[in-house]
file coords-v2.txt (compact mmCIF, C-alpha atoms)
# COMPACT_ATOMS: atom_id res chain seq x y z
CA MET Z 19 0.00 0.00 0.00
CA SER Z 20 1.18 3.49 -0.62
CA ILE Z 21 0.80 4.54 3.00
CA SER Z 22 3.42 2.23 4.40
CA ASN Z 23 6.28 4.70 4.70
CA ILE Z 24 4.45 7.63 6.16
CA GLY Z 25 6.87 8.76 8.81
CA ILE Z 26 6.31 8.73 12.54
CA TYR Z 27 5.49 12.43 12.87
CA TYR Z 28 2.62 12.26 10.39
CA PHE Z 29 1.31 9.20 12.21
CA GLY Z 30 1.44 10.94 15.59
CA ALA Z 31 -0.28 14.09 14.32
CA ILE Z 32 -3.06 12.23 12.48
CA SER Z 33 -3.72 10.01 15.47
CA LEU Z 34 -4.00 13.05 17.74
CA VAL Z 35 -6.58 14.55 15.36
CA LEU Z 36 -8.54 11.28 15.26
CA ILE Z 37 -8.46 10.80 19.05
CA GLY Z 38 -9.74 14.34 19.53
CA LEU Z 39 -12.46 13.74 16.92
CA TYR Z 40 -13.57 10.63 18.79
CA GLY Z 41 -13.86 12.67 21.97
CA VAL Z 42 -15.96 15.34 20.24
CA LEU Z 43 -18.33 12.80 18.69
CA VAL Z 44 -18.90 10.41 21.56
CA LYS Z 45 -18.56 12.20 24.88
CA LYS Z 46 -21.48 13.86 26.60
CA ASN Z 47 -19.95 16.28 29.07
CA LEU Z 48 -19.34 19.75 27.67
CA MET Z 49 -15.94 20.18 29.35
CA LYS Z 50 -14.73 16.88 27.91
CA ILE Z 51 -15.76 18.02 24.43
CA LEU Z 52 -13.74 21.22 24.86
CA ILE Z 53 -10.70 19.31 26.11
CA SER Z 54 -10.89 17.02 23.05
CA LEU Z 55 -11.13 20.08 20.79
CA SER Z 56 -7.92 21.44 22.30
CA VAL Z 57 -6.16 18.10 21.72
CA MET Z 58 -7.27 18.25 18.06
CA GLU Z 59 -5.76 21.70 17.66
CA THR Z 60 -2.43 20.48 18.99
CA GLY Z 61 -2.50 17.66 16.45
CA VAL Z 62 -3.14 20.01 13.55
CA ASN Z 63 -0.26 22.27 14.58
CA LEU Z 64 2.07 19.28 14.75
CA LEU Z 65 1.00 18.19 11.26
CA LEU Z 66 1.73 21.64 9.80
CA ILE Z 67 5.23 21.84 11.21
CA SER Z 68 6.20 18.30 10.26
CA ILE Z 69 5.38 19.06 6.62
CA GLY Z 70 8.05 21.74 6.51
CA TYR Z 71 10.89 19.60 7.81
CA VAL Z 72 13.96 18.88 5.66
CA TYR Z 73 16.40 16.10 6.51
CA GLY Z 74 19.71 17.24 7.93
CA LYS Z 75 19.01 20.95 7.99
CA SER Z 76 18.80 23.10 11.09
CA ALA Z 77 16.68 25.84 12.62
CA PRO Z 78 15.85 28.93 10.52
CA ILE Z 79 18.07 31.35 12.42
CA LEU Z 80 20.86 32.60 10.19
CA SER Z 81 23.74 32.86 12.61
CA GLU Z 82 27.44 32.44 11.77
CA GLY Z 83 27.74 28.96 10.40
CA ILE Z 84 24.28 28.59 8.89
CA GLY Z 85 23.68 29.84 5.36
CA PRO Z 86 20.33 30.46 3.72
CA SER Z 87 20.25 27.02 2.14
CA GLN Z 88 20.83 24.94 5.25
CA THR Z 89 17.60 25.62 7.11
CA VAL Z 90 14.17 24.10 7.30
CA ASP Z 91 11.12 25.84 5.94
CA PRO Z 92 10.27 28.97 7.96
CA ILE Z 93 6.78 29.61 6.59
CA PRO Z 94 4.79 26.85 8.38
CA GLN Z 95 6.42 27.93 11.64
CA ALA Z 96 5.12 31.47 11.17
CA LEU Z 97 1.62 30.10 10.50
CA VAL Z 98 1.64 27.81 13.54
CA LEU Z 99 2.90 30.61 15.81
CA THR Z 100 -0.30 32.47 15.06
CA ALA Z 101 -2.50 29.39 15.29
CA ILE Z 102 -1.38 28.42 18.80
CA VAL Z 103 -2.27 31.81 20.28
CA ILE Z 104 -5.63 31.92 18.53
CA GLY Z 105 -6.34 28.39 19.80
CA VAL Z 106 -5.98 29.42 23.41
CA ALA Z 107 -8.12 32.53 22.85
CA THR Z 108 -11.03 30.55 21.41
CA THR Z 109 -10.70 27.92 24.17
CA ALA Z 110 -11.00 30.67 26.79
CA MET Z 111 -14.17 32.04 25.19
CA ALA Z 112 -15.74 28.61 24.83
CA LEU Z 113 -15.02 27.85 28.49
CA SER Z 114 -16.70 31.05 29.66
CA VAL Z 115 -19.82 30.10 27.66
CA ALA Z 116 -19.72 26.67 29.34
CA ILE Z 117 -19.55 28.35 32.76
CA LEU Z 118 -22.64 30.39 31.89
CA ILE Z 119 -24.50 27.28 30.72
CA HIS Z 120 -23.76 25.53 34.02
CA GLU Z 121 -25.04 28.51 35.97
CA LYS Z 122 -28.28 28.65 34.02
CA TYR Z 123 -29.17 24.98 33.57
CA GLY Z 124 -27.40 23.36 36.51
CA THR Z 125 -25.92 20.56 34.43
CA LEU Z 126 -23.28 20.11 31.75
CA ASN Z 127 -24.80 17.08 30.04
CA ILE Z 128 -25.55 18.00 26.45
CA GLU Z 129 -28.56 15.69 26.17
CA GLU Z 130 -30.29 17.31 29.12
CA ILE Z 131 -29.48 20.79 27.92
CA ARG Z 132 -31.03 19.95 24.59
CA ARG Z 133 -34.22 18.96 26.39
CA LEU Z 134 -34.43 21.94 28.69
CA ARG Z 135 -34.32 24.73 26.10
CA GLY Z 136 -34.61 27.83 28.17
CA MET T 19 -28.38 -0.09 22.40
CA VAL T 20 -28.51 3.32 20.78
CA SER T 21 -25.21 4.34 22.31
CA VAL T 22 -23.43 1.22 21.06
CA LEU T 23 -24.66 1.92 17.55
CA LYS T 24 -23.57 5.56 17.83
CA ARG T 25 -20.17 4.59 19.17
CA SER T 26 -19.46 2.06 16.42
CA LEU T 27 -20.64 4.49 13.76
CA ALA T 28 -18.25 7.11 15.19
CA ILE T 29 -15.34 4.67 15.15
CA LEU T 30 -16.16 3.63 11.57
CA SER T 31 -16.26 7.21 10.34
CA ILE T 32 -13.02 7.99 12.19
CA LEU T 33 -11.26 5.07 10.50
CA ILE T 34 -12.49 6.24 7.10
CA ILE T 35 -11.29 9.80 7.77
CA GLY T 36 -7.94 8.47 9.00
CA TYR T 37 -7.43 6.36 5.89
CA TRP T 38 -8.35 9.31 3.67
CA LEU T 39 -5.91 11.62 5.51
CA ALA T 40 -3.11 9.06 5.23
CA GLN T 41 -3.75 8.64 1.49
CA GLY T 42 -3.52 12.40 1.07
CA LEU T 43 -0.30 12.66 3.04
CA ALA T 44 1.41 9.86 1.15
CA GLY T 45 1.92 12.28 -1.71
CA VAL T 46 3.84 14.67 0.53
CA PRO T 47 7.15 12.91 1.25
CA PHE T 48 8.52 13.55 4.70
CA GLY T 49 11.86 15.33 4.87
CA GLN T 50 12.36 16.50 1.34
CA ASP T 51 12.94 20.05 0.23
CA LYS T 52 9.62 21.46 -0.91
CA MET T 53 10.20 25.15 -0.39
CA LEU T 54 9.14 27.61 -3.06
CA VAL T 55 8.62 31.00 -1.41
CA GLY T 56 10.78 29.94 1.54
CA HIS T 57 13.95 30.15 -0.52
CA TYR T 58 13.20 33.74 -1.48
CA TYR T 59 12.54 34.69 2.15
CA LEU T 60 15.68 32.98 3.41
CA ASN T 61 17.94 34.48 0.77
CA HIS T 62 16.73 38.05 1.23
CA VAL T 63 15.92 38.29 4.91
CA LYS T 64 19.22 39.75 6.02
CA GLU T 65 19.33 42.73 3.71
CA GLN T 66 15.63 43.48 3.46
CA THR T 67 14.70 43.32 7.11
CA GLY T 68 17.89 43.23 9.12
CA ALA T 69 16.74 40.37 11.33
CA VAL T 70 18.65 37.15 11.76
CA ASN T 71 15.63 35.10 12.87
CA ALA T 72 13.74 34.33 9.66
CA VAL T 73 10.51 33.25 11.36
CA THR T 74 10.04 36.49 13.29
CA ALA T 75 10.92 38.52 10.18
CA ILE T 76 8.13 36.72 8.31
CA VAL T 77 5.63 37.20 11.16
CA VAL T 78 6.27 40.90 11.65
CA ASN T 79 7.69 42.25 8.44
CA TYR T 80 6.65 40.20 5.42
CA ARG T 81 3.26 39.20 6.86
CA GLY T 82 2.70 41.98 9.35
CA PHE T 83 -0.95 42.47 8.49
CA ASP T 84 -1.82 38.92 9.53
CA THR T 85 -0.22 39.60 12.90
CA LEU T 86 -2.43 42.66 13.25
CA GLY T 87 -5.41 40.40 12.61
CA GLU T 88 -4.21 37.95 15.26
CA VAL T 89 -3.81 40.72 17.83
CA THR T 90 -7.38 41.77 17.00
CA VAL T 91 -8.68 38.24 17.56
CA LEU T 92 -6.93 38.08 20.94
CA PHE T 93 -8.43 41.42 21.89
CA ILE T 94 -11.93 40.28 20.92
CA ALA T 95 -11.53 37.06 22.92
CA SER T 96 -10.33 38.91 26.01
CA THR T 97 -13.18 41.41 25.77
CA GLY T 98 -15.63 38.56 25.24
CA VAL T 99 -14.49 36.71 28.34
CA GLY T 100 -14.72 39.91 30.34
CA ALA T 101 -18.20 40.68 29.01
CA LEU T 102 -19.63 37.18 29.52
CA LEU T 103 -18.40 36.73 33.09
CA TRP T 104 -19.18 40.19 34.36
CA ARG T 105 -21.16 40.56 37.55
CA LYS T 106 -21.78 43.49 39.81
CA ASN T 107 -19.78 42.42 42.86
CA ARG T 108 -17.06 39.92 42.16
CA LYS T 109 -14.54 38.66 44.64
CA ARG T 110 -11.96 35.95 44.76
CA THR T 111 -13.25 32.94 46.60
CA ALA T 112 -10.06 31.10 47.43
CA LYS T 113 -10.00 29.79 50.96
CA THR T 114 -6.60 28.28 51.64
CA GLU T 115 -3.52 30.42 51.63
CA GLY T 116 -0.49 29.01 49.87
CA SER T 117 2.23 27.36 51.88
CA VAL T 118 5.36 29.14 53.03
CA VAL T 119 7.41 27.67 50.20
CA LEU T 120 4.97 28.96 47.61
CA THR T 121 4.66 32.49 48.96
CA THR T 122 8.37 32.97 49.58
CA GLY T 123 9.33 31.45 46.25
CA THR T 124 6.83 33.62 44.40
CA GLU T 125 8.06 36.81 46.03
CA LEU T 126 11.62 35.94 45.09
CA LEU T 127 10.95 34.66 41.58
CA PHE T 128 8.44 37.19 40.28
CA PRO T 129 10.90 39.91 39.12
CA PHE T 130 13.13 37.32 37.45
CA ILE T 131 10.26 35.81 35.49
CA MET T 132 9.21 39.28 34.36
CA MET T 133 12.77 40.08 33.33
CA PHE T 134 13.00 36.81 31.40
CA GLY T 135 9.78 37.63 29.57
CA VAL T 136 11.03 41.10 28.68
CA TYR T 137 14.31 39.56 27.46
CA ILE T 138 12.43 37.17 25.19
CA PHE T 139 10.49 39.81 23.35
CA ILE T 140 13.22 42.42 23.12
CA HIS T 141 15.61 39.97 21.44
CA GLY T 142 12.94 38.64 19.11
CA HIS T 143 14.91 39.29 15.96
CA LEU T 144 18.04 37.49 17.17
CA THR T 145 17.03 34.50 19.23
CA PRO T 146 13.96 32.27 19.00
CA GLY T 147 10.86 33.54 20.72
CA GLY T 148 9.31 36.85 19.92
CA GLY T 149 6.34 38.74 21.30
CA PHE T 150 3.93 35.89 21.96
CA PRO T 151 5.99 33.62 24.25
CA GLY T 152 7.35 36.71 26.00
CA GLY T 153 3.87 37.98 26.75
CA ALA T 154 2.77 34.50 27.84
CA THR T 155 5.72 34.32 30.27
CA ILE T 156 4.69 37.64 31.80
CA ALA T 157 1.13 36.34 32.16
CA THR T 158 2.51 33.21 33.82
CA ALA T 159 4.27 35.39 36.40
CA PHE T 160 0.95 37.00 37.29
CA LEU T 161 -0.70 33.59 37.40
CA LEU T 162 1.90 32.53 39.96
CA LEU T 163 0.97 35.53 42.09
CA TYR T 164 -2.69 34.54 41.86
CA LEU T 165 -1.92 31.01 42.99
CA ALA T 166 0.21 32.02 45.96
CA PHE T 167 -1.88 34.71 47.62
CA THR T 168 -5.60 34.58 48.20
CA VAL T 169 -6.26 38.31 48.11
CA TYR T 170 -4.11 39.36 45.19
CA GLU T 171 -5.70 41.17 42.25
CA ILE T 172 -4.08 42.81 39.30
CA PRO T 173 -4.70 46.57 39.11
CA HIS T 174 -7.51 46.62 36.58
CA ARG T 175 -7.46 50.27 35.53
CA GLY T 176 -3.76 50.30 34.78
CA PHE T 177 -3.83 47.03 32.86
CA GLU T 178 -6.79 47.97 30.71
CA LYS T 179 -5.30 51.32 29.84
CA THR T 180 -1.94 49.70 29.01
CA GLU T 181 -3.61 47.14 26.79
CA GLY T 182 -5.55 49.78 24.89
CA LEU T 183 -2.50 51.97 24.44
CA ALA T 184 -0.45 49.04 23.14
CA GLY T 185 -3.10 48.11 20.61
CA MET T 186 -3.39 51.69 19.42
CA SER T 187 0.34 52.11 19.04
CA TYR T 188 0.55 49.05 16.76
CA VAL T 189 -1.86 50.72 14.35
CA LEU T 190 0.02 54.01 14.84
CA VAL T 191 3.30 52.36 13.75
CA GLY T 192 1.57 51.12 10.63
CA LEU T 193 0.06 54.53 9.86
CA ILE T 194 3.44 56.23 10.22
CA GLY T 195 4.75 53.70 7.71
CA LEU T 196 1.88 54.60 5.38
CA TRP T 197 2.76 58.27 5.70
CA ILE T 198 6.48 57.84 5.09
CA GLY T 199 6.70 54.99 2.66
CA GLY T 200 3.62 54.28 0.66
CA TYR T 201 1.96 51.24 2.17
CA PHE T 202 0.62 50.28 5.58
CA LEU T 203 3.29 48.80 7.90
CA PHE T 204 6.16 49.98 5.76
CA ASP T 205 9.43 49.36 7.62
CA TRP T 206 10.51 52.95 7.87
CA ILE T 207 13.27 52.44 10.43
CA TRP T 208 15.20 50.05 8.20
CA GLN T 209 14.41 51.31 4.74
CA SER T 210 14.06 55.07 5.16
CA TRP T 211 16.12 56.13 8.13
CA HIS T 212 18.68 53.30 7.77
CA TRP T 213 19.23 52.89 11.47
CA GLY T 214 21.51 50.00 12.32
CA VAL T 215 22.20 48.86 8.78
CA ASN T 216 25.77 47.76 9.51
CA ASN T 217 24.86 46.19 12.81
CA ILE T 218 23.21 42.96 11.72
CA GLY T 219 23.40 40.32 14.42
CA ARG T 220 23.42 42.71 17.34
CA LEU T 221 20.67 44.28 19.37
CA PHE T 222 20.19 47.62 17.61
CA SER T 223 19.17 46.31 14.22
CA GLY T 224 16.18 44.67 12.71
CA GLY T 225 14.16 47.68 11.68
CA PHE T 226 10.91 48.04 13.55
CA ILE T 227 10.80 44.40 14.66
CA PRO T 228 11.87 45.09 18.30
CA VAL T 229 9.42 48.00 18.50
CA ILE T 230 6.45 45.94 17.32
CA TYR T 231 7.44 42.96 19.42
CA THR T 232 7.61 45.14 22.53
CA ILE T 233 4.09 46.36 21.78
CA ILE T 234 2.82 42.83 21.16
CA GLY T 235 4.53 41.46 24.28
CA ILE T 236 2.99 44.07 26.55
CA LYS T 237 -0.43 43.57 24.96
CA VAL T 238 -0.46 39.78 25.12
CA GLY T 239 0.85 39.76 28.70
CA THR T 240 -1.78 42.12 30.05
CA GLU T 241 -4.55 40.46 28.05
CA LEU T 242 -3.87 36.92 29.24
CA SER T 243 -3.59 38.17 32.83
CA GLY T 244 -6.98 39.82 32.39
CA ILE T 245 -8.47 36.54 31.13
CA VAL T 246 -7.08 34.67 34.16
CA ASP T 247 -8.44 37.31 36.50
CA ASN T 248 -11.91 37.23 34.95
CA MET T 249 -12.14 33.47 35.20
CA LEU T 250 -11.09 33.35 38.84
CA LYS T 251 -13.53 35.76 40.38
CA GLU T 252 -17.00 34.63 41.32
CA GLU T 253 -20.08 36.49 42.30
CA VAL T 254 -20.56 36.86 46.03
CA LYS T 255 -24.18 36.95 47.09
CA GLU T 256 -24.65 39.18 50.12
CA MET Q 26 20.43 -1.06 25.21
CA ASN Q 27 20.79 2.38 23.74
CA CYS Q 28 18.65 3.60 20.88
CA PHE Q 29 19.42 7.21 20.22
CA GLY Q 30 17.63 7.19 16.93
CA CYS Q 31 14.37 5.99 18.39
CA ILE Q 32 13.66 8.70 20.94
CA GLU Q 33 11.05 10.23 18.70
CA TYR Q 34 9.14 6.96 18.66
CA ILE Q 35 9.09 6.94 22.47
CA ILE Q 36 7.85 10.51 22.70
CA VAL Q 37 5.16 10.03 20.04
CA ALA Q 38 3.99 6.89 21.88
CA LEU Q 39 3.84 8.79 25.19
CA MET Q 40 1.92 11.60 23.54
CA ILE Q 41 -0.68 9.25 22.06
CA ILE Q 42 -1.09 7.39 25.36
CA SER Q 43 -1.62 10.63 27.24
CA ALA Q 44 -4.14 11.85 24.66
CA VAL Q 45 -6.15 8.63 25.03
CA LEU Q 46 -6.05 8.98 28.81
CA ALA Q 47 -7.04 12.64 28.64
CA ILE Q 48 -10.33 11.88 26.93
CA GLU Q 49 -11.02 8.71 28.83
CA TRP Q 50 -10.66 9.71 32.49
CA ARG Q 51 -13.88 10.71 34.14
CA ASP Q 52 -12.26 12.98 36.69
CA LEU Q 53 -12.03 16.29 34.84
CA LEU Q 54 -9.06 17.41 36.91
CA ALA Q 55 -7.05 14.46 35.63
CA ALA Q 56 -8.22 15.10 32.07
CA THR Q 57 -6.82 18.62 32.29
CA VAL Q 58 -3.44 17.26 33.36
CA GLY Q 59 -3.54 14.86 30.41
CA MET Q 60 -4.22 17.74 28.03
CA ALA Q 61 -1.28 19.71 29.44
CA ALA Q 62 0.92 16.60 29.05
CA VAL Q 63 -0.07 16.32 25.36
CA SER Q 64 0.99 19.95 24.88
CA LEU Q 65 4.29 19.33 26.63
CA PHE Q 66 5.19 16.30 24.52
CA ALA Q 67 4.18 18.20 21.39
CA SER Q 68 6.55 20.98 22.46
CA ILE Q 69 9.42 18.46 22.68
CA LEU Q 70 8.51 17.19 19.19
CA PHE Q 71 8.52 20.74 17.85
CA PHE Q 72 12.05 21.12 19.17
CA MET Q 73 13.14 17.93 17.43
CA LEU Q 74 11.64 19.20 14.16
CA GLN Q 75 14.01 22.21 14.37
CA ALA Q 76 11.38 24.82 15.24
CA PRO Q 77 12.48 26.61 18.45
CA ASP Q 78 10.03 29.54 18.26
CA VAL Q 79 7.05 27.23 18.03
CA ALA Q 80 8.41 25.03 20.84
CA MET Q 81 8.69 28.00 23.19
CA THR Q 82 5.25 29.29 22.30
CA GLU Q 83 3.60 25.90 22.71
CA ALA Q 84 5.31 25.30 26.06
CA ALA Q 85 4.35 28.70 27.45
CA ILE Q 86 0.83 28.93 26.10
CA GLY Q 87 -0.34 25.36 25.57
CA ALA Q 88 1.04 23.69 28.66
CA ALA Q 89 0.83 26.49 31.23
CA LEU Q 90 -1.94 28.92 30.31
CA SER Q 91 -4.39 26.66 28.52
CA GLY Q 92 -4.20 24.08 31.29
CA ALA Q 93 -4.69 26.77 33.95
CA ILE Q 94 -7.72 28.24 32.15
CA VAL Q 95 -9.44 24.85 31.79
CA LEU Q 96 -8.67 24.18 35.46
CA PHE Q 97 -10.37 27.39 36.56
CA ALA Q 98 -13.41 26.53 34.48
CA VAL Q 99 -13.56 23.03 36.03
CA LYS Q 100 -13.36 24.66 39.48
CA ARG Q 101 -16.41 26.78 38.77
CA THR Q 102 -18.60 24.01 37.37
CA GLN Q 103 -18.38 20.39 38.42
CA ARG Q 104 -15.49 18.08 38.94
CA PHE Q 105 -16.81 14.73 37.72
CA GLU Q 106 -18.29 13.95 34.38
CA THR Q 107 -21.52 12.32 35.48
CA GLU Q 108 -23.61 13.13 38.51
CA GLU Q 109 -22.46 10.23 40.68
CA GLU Q 110 -21.10 11.43 43.96
CA GLU Q 111 -17.92 9.48 44.06
CA ARG Q 112 -14.96 10.50 46.14
CA PRO Q 113 -11.66 10.38 44.28
CA GLY Q 114 -9.66 7.37 45.41
CA TRP Q 115 -5.92 7.14 45.56
CA TRP Q 116 -6.03 6.24 41.89
CA VAL Q 117 -8.30 7.76 39.36
CA ARG Q 118 -11.28 5.62 38.49
CA TRP Q 119 -12.17 4.80 34.93
call {"tool": "encode", "arguments": {"input": "coords-v2.txt", "output": "structure tokens"}}
result
Amino acid sequence: MSISNIGIYYFGAISLVLIGLYGVLVKKNLMKILISLSVMETGVNLLLISIGYVYGKSAPILSEGIGPSQTVDPIPQALVLTAIVIGVATTAMALSVAILIHEKYGTLNIEEIRRLRG
Amino acid sequence: MVSVLKRSLAILSILIIGYWLAQGLAGVPFGQDKMLVGHYYLNHVKEQTGAVNAVTAIVVNYRGFDTLGEVTVLFIASTGVGALLWRKNRKRTAKTEGSVVLTTGTELLFPFIMMFGVYIFIHGHLTPGGGFPGGATIATAFLLLYLAFTVYEIPHRGFEKTEGLAGMSYVLVGLIGLWIGGYFLFDWIWQSWHWGVNNIGRLFSGGFIPVIYTIIGIKVGTELSGIVDNMLKEEVKE
Amino acid sequence: MNCFGCIEYIIVALMIISAVLAIEWRDLLAATVGMAAVSLFASILFFMLQAPDVAMTEAAIGAALSGAIVLFAVKRTQRFETEEEERPGWWVRW
């Protein structure tokens, strides 16, 4: 099969995304869903950085011994730097909405919240 | 019975998605040189921006407008948390004071953590880091103060004013670039005034990258401390 | 036995195990610690992929601040997933 030599980093990142997706689909507590969403975001960031890796090259900081053709790709790192900070901002907002839901309905079970409706 | 069916359906769909993702990634070989725009950025970063760290030069200089968008998203999230959890009389409801080790260690370590955070974002164009981990380190110092003492609060008025001023001065730096150069966020320190052109690799170089990273570091630090403070206080019913 | 070339396999395995435990534990306090552990192992992997800026940012924001924010939210709502009043034992129940 053509997916036999996929590299360990791709495997780790895809499995993190799939484990987080399982948590979002199956679990019933709202906090557990948000924790799984955060695990998924970590997996996606790992996938983006492992695409830009080049064998044998070093970090993209051009100090004395490192020339411009001996570094890994700097563009995915700039993208992921932004994505990590935005991930924590959206997690904070989602958690404050969850706190408000618990104050209003008294429970965090999504099936009971769906039944209560105001 | 319904939950077993739902669980097996979820596992089946996850396996299908996993196989589809792996098929897609088999066409992207791991560890080979695939850079197209990256080569241009790496070859020209020293003379066009003056920074040695290519990642921070991309974040601030080549793609500075996206960083302005990210700072806006952080600001909206912090305002949203403050607006959702606002009550009339909020107090901290911690009951147990920290132990002697925690309080003494926090009082000794707090200025060093702040100095480390300031070091990270001032040297953003030379060493790895930049504005965002520096601001997060400063917020972690305030989080340590929250954990050690049960009555500590950050001074709200000062922090909110600092955050607003930092956000405004980012846009002001961009508008000055528009006035001098011709486009928003033009690097006027490096390309018009030529400050520190023959100083590459030392502190006083890099164009406006240290200036913007100082602004971003202050803004992110005060914002994340504000988020922590809003989530810790609860309403006290008299 | 020394396997210096297989340290990335060990860290990826630890990361996957801690992700499975983070969504499986019913004590939400333990699930938060599992989420912070996933961020920490991902930060080590970022360092091995030659990305020091991202490693620092993930360690400072993902492991410290995101874990602390989820912990404060768990403190203000409920600690256990379902409504059973179980006291936490010396190990965490499944």
call {"tool": "closest_residue", "arguments": {"input": "coords-v2.txt", "among": "Q:Ile36, Q:Val95, Q:Ala47, Q:Ala61", "to": "chain T", "atoms": "only C-alpha atoms"}}
result
Q:Val95
call {"tool": "interface_residues", "arguments": {"input": "coords-v2.txt", "of": "chain Z", "to": "chain Q", "cutoff": "9 Å", "atoms": "only C-alpha atoms", "output": "MDAnalysis selection string"}}
result
chainID Z and resid 26:27 29:31 33:34 37:38 40:41 45:54 56:57 60:61 64 67:68 70:72 75:78 89:90 92 95:96 98:99 102:103 105:107 109:110 113:114 116:117 120:121 124:127
call {"tool": "atom_distance", "arguments": {"input": "coords-v2.txt", "atom1": "CA of Phe167 in chain T", "atom2": "CA of Gly116 in chain T"}}
result
6.3 Å
call {"tool": "atom_distance", "arguments": {"input": "coords-v2.txt", "atom1": "CA of Trp213 in chain T", "atom2": "CA of Glu181 in chain T"}}
result
28.1 Å
call {"tool": "closest_residue", "arguments": {"input": "coords-v2.txt", "among": "T:Gly192, T:Gly142, T:Gly176, T:Gly244", "to": "Gly219 in chain T", "atoms": "all atoms listed in the file"}}
result
T:Gly142
call {"tool": "decode", "arguments": {"input": "coords-v2.txt", "residues": "range 147-196 of chain T", "atoms": "C-alpha atoms", "output": "tab-separated table (two decimals), in the first residue's frame"}}
result
chain	number	residue	atom	x	y	z
T	147	GLY	CA	10.86	33.54	20.72
T	148	GLY	CA	9.31	36.85	19.92
T	149	GLY	CA	6.34	38.74	21.30
T	150	PHE	CA	3.93	35.89	21.96
T	151	PRO	CA	5.99	33.62	24.25
T	152	GLY	CA	7.35	36.71	26.00
T	153	GLY	CA	3.87	37.98	26.75
T	154	ALA	CA	2.77	34.50	27.84
T	155	THR	CA	5.72	34.32	30.27
T	156	ILE	CA	4.69	37.64	31.80
T	157	ALA	CA	1.13	36.34	32.16
T	158	THR	CA	2.51	33.21	33.82
T	159	ALA	CA	4.27	35.39	36.40
T	160	PHE	CA	0.95	37.00	37.29
T	161	LEU	CA	-0.70	33.59	37.40
T	162	LEU	CA	1.90	32.53	39.96
T	163	LEU	CA	0.97	35.53	42.09
T	164	TYR	CA	-2.69	34.54	41.86
T	165	LEU	CA	-1.92	31.01	42.99
T	166	ALA	CA	0.21	32.02	45.96
T	167	PHE	CA	-1.88	34.71	47.62
T	168	THR	CA	-5.60	34.58	48.20
T	169	VAL	CA	-6.26	38.31	48.11
T	170	TYR	CA	-4.11	39.36	45.19
T	171	GLU	CA	-5.70	41.17	42.25
T	172	ILE	CA	-4.08	42.81	39.30
T	173	PRO	CA	-4.70	46.57	39.11
T	174	HIS	CA	-7.51	46.62	36.58
T	175	ARG	CA	-7.46	50.27	35.53
T	176	GLY	CA	-3.76	50.30	34.78
T	177	PHE	CA	-3.83	47.03	32.86
T	178	GLU	CA	-6.79	47.97	30.71
T	179	LYS	CA	-5.30	51.32	29.84
T	180	THR	CA	-1.94	49.70	29.01
T	181	GLU	CA	-3.61	47.14	26.79
T	182	GLY	CA	-5.55	49.78	24.89
T	183	LEU	CA	-2.50	51.97	24.44
T	184	ALA	CA	-0.45	49.04	23.14
T	185	GLY	CA	-3.10	48.11	20.61
T	186	MET	CA	-3.39	51.69	19.42
T	187	SER	CA	0.34	52.11	19.04
T	188	TYR	CA	0.55	49.05	16.76
T	189	VAL	CA	-1.86	50.72	14.35
T	190	LEU	CA	0.02	54.01	14.84
T	191	VAL	CA	3.30	52.36	13.75
T	192	GLY	CA	1.57	51.12	10.63
T	193	LEU	CA	0.06	54.53	9.86
T	194	ILE	CA	3.44	56.23	10.22
T	195	GLY	CA	4.75	53.70	7.71
T	196	LEU	CA	1.88	54.60	5.38
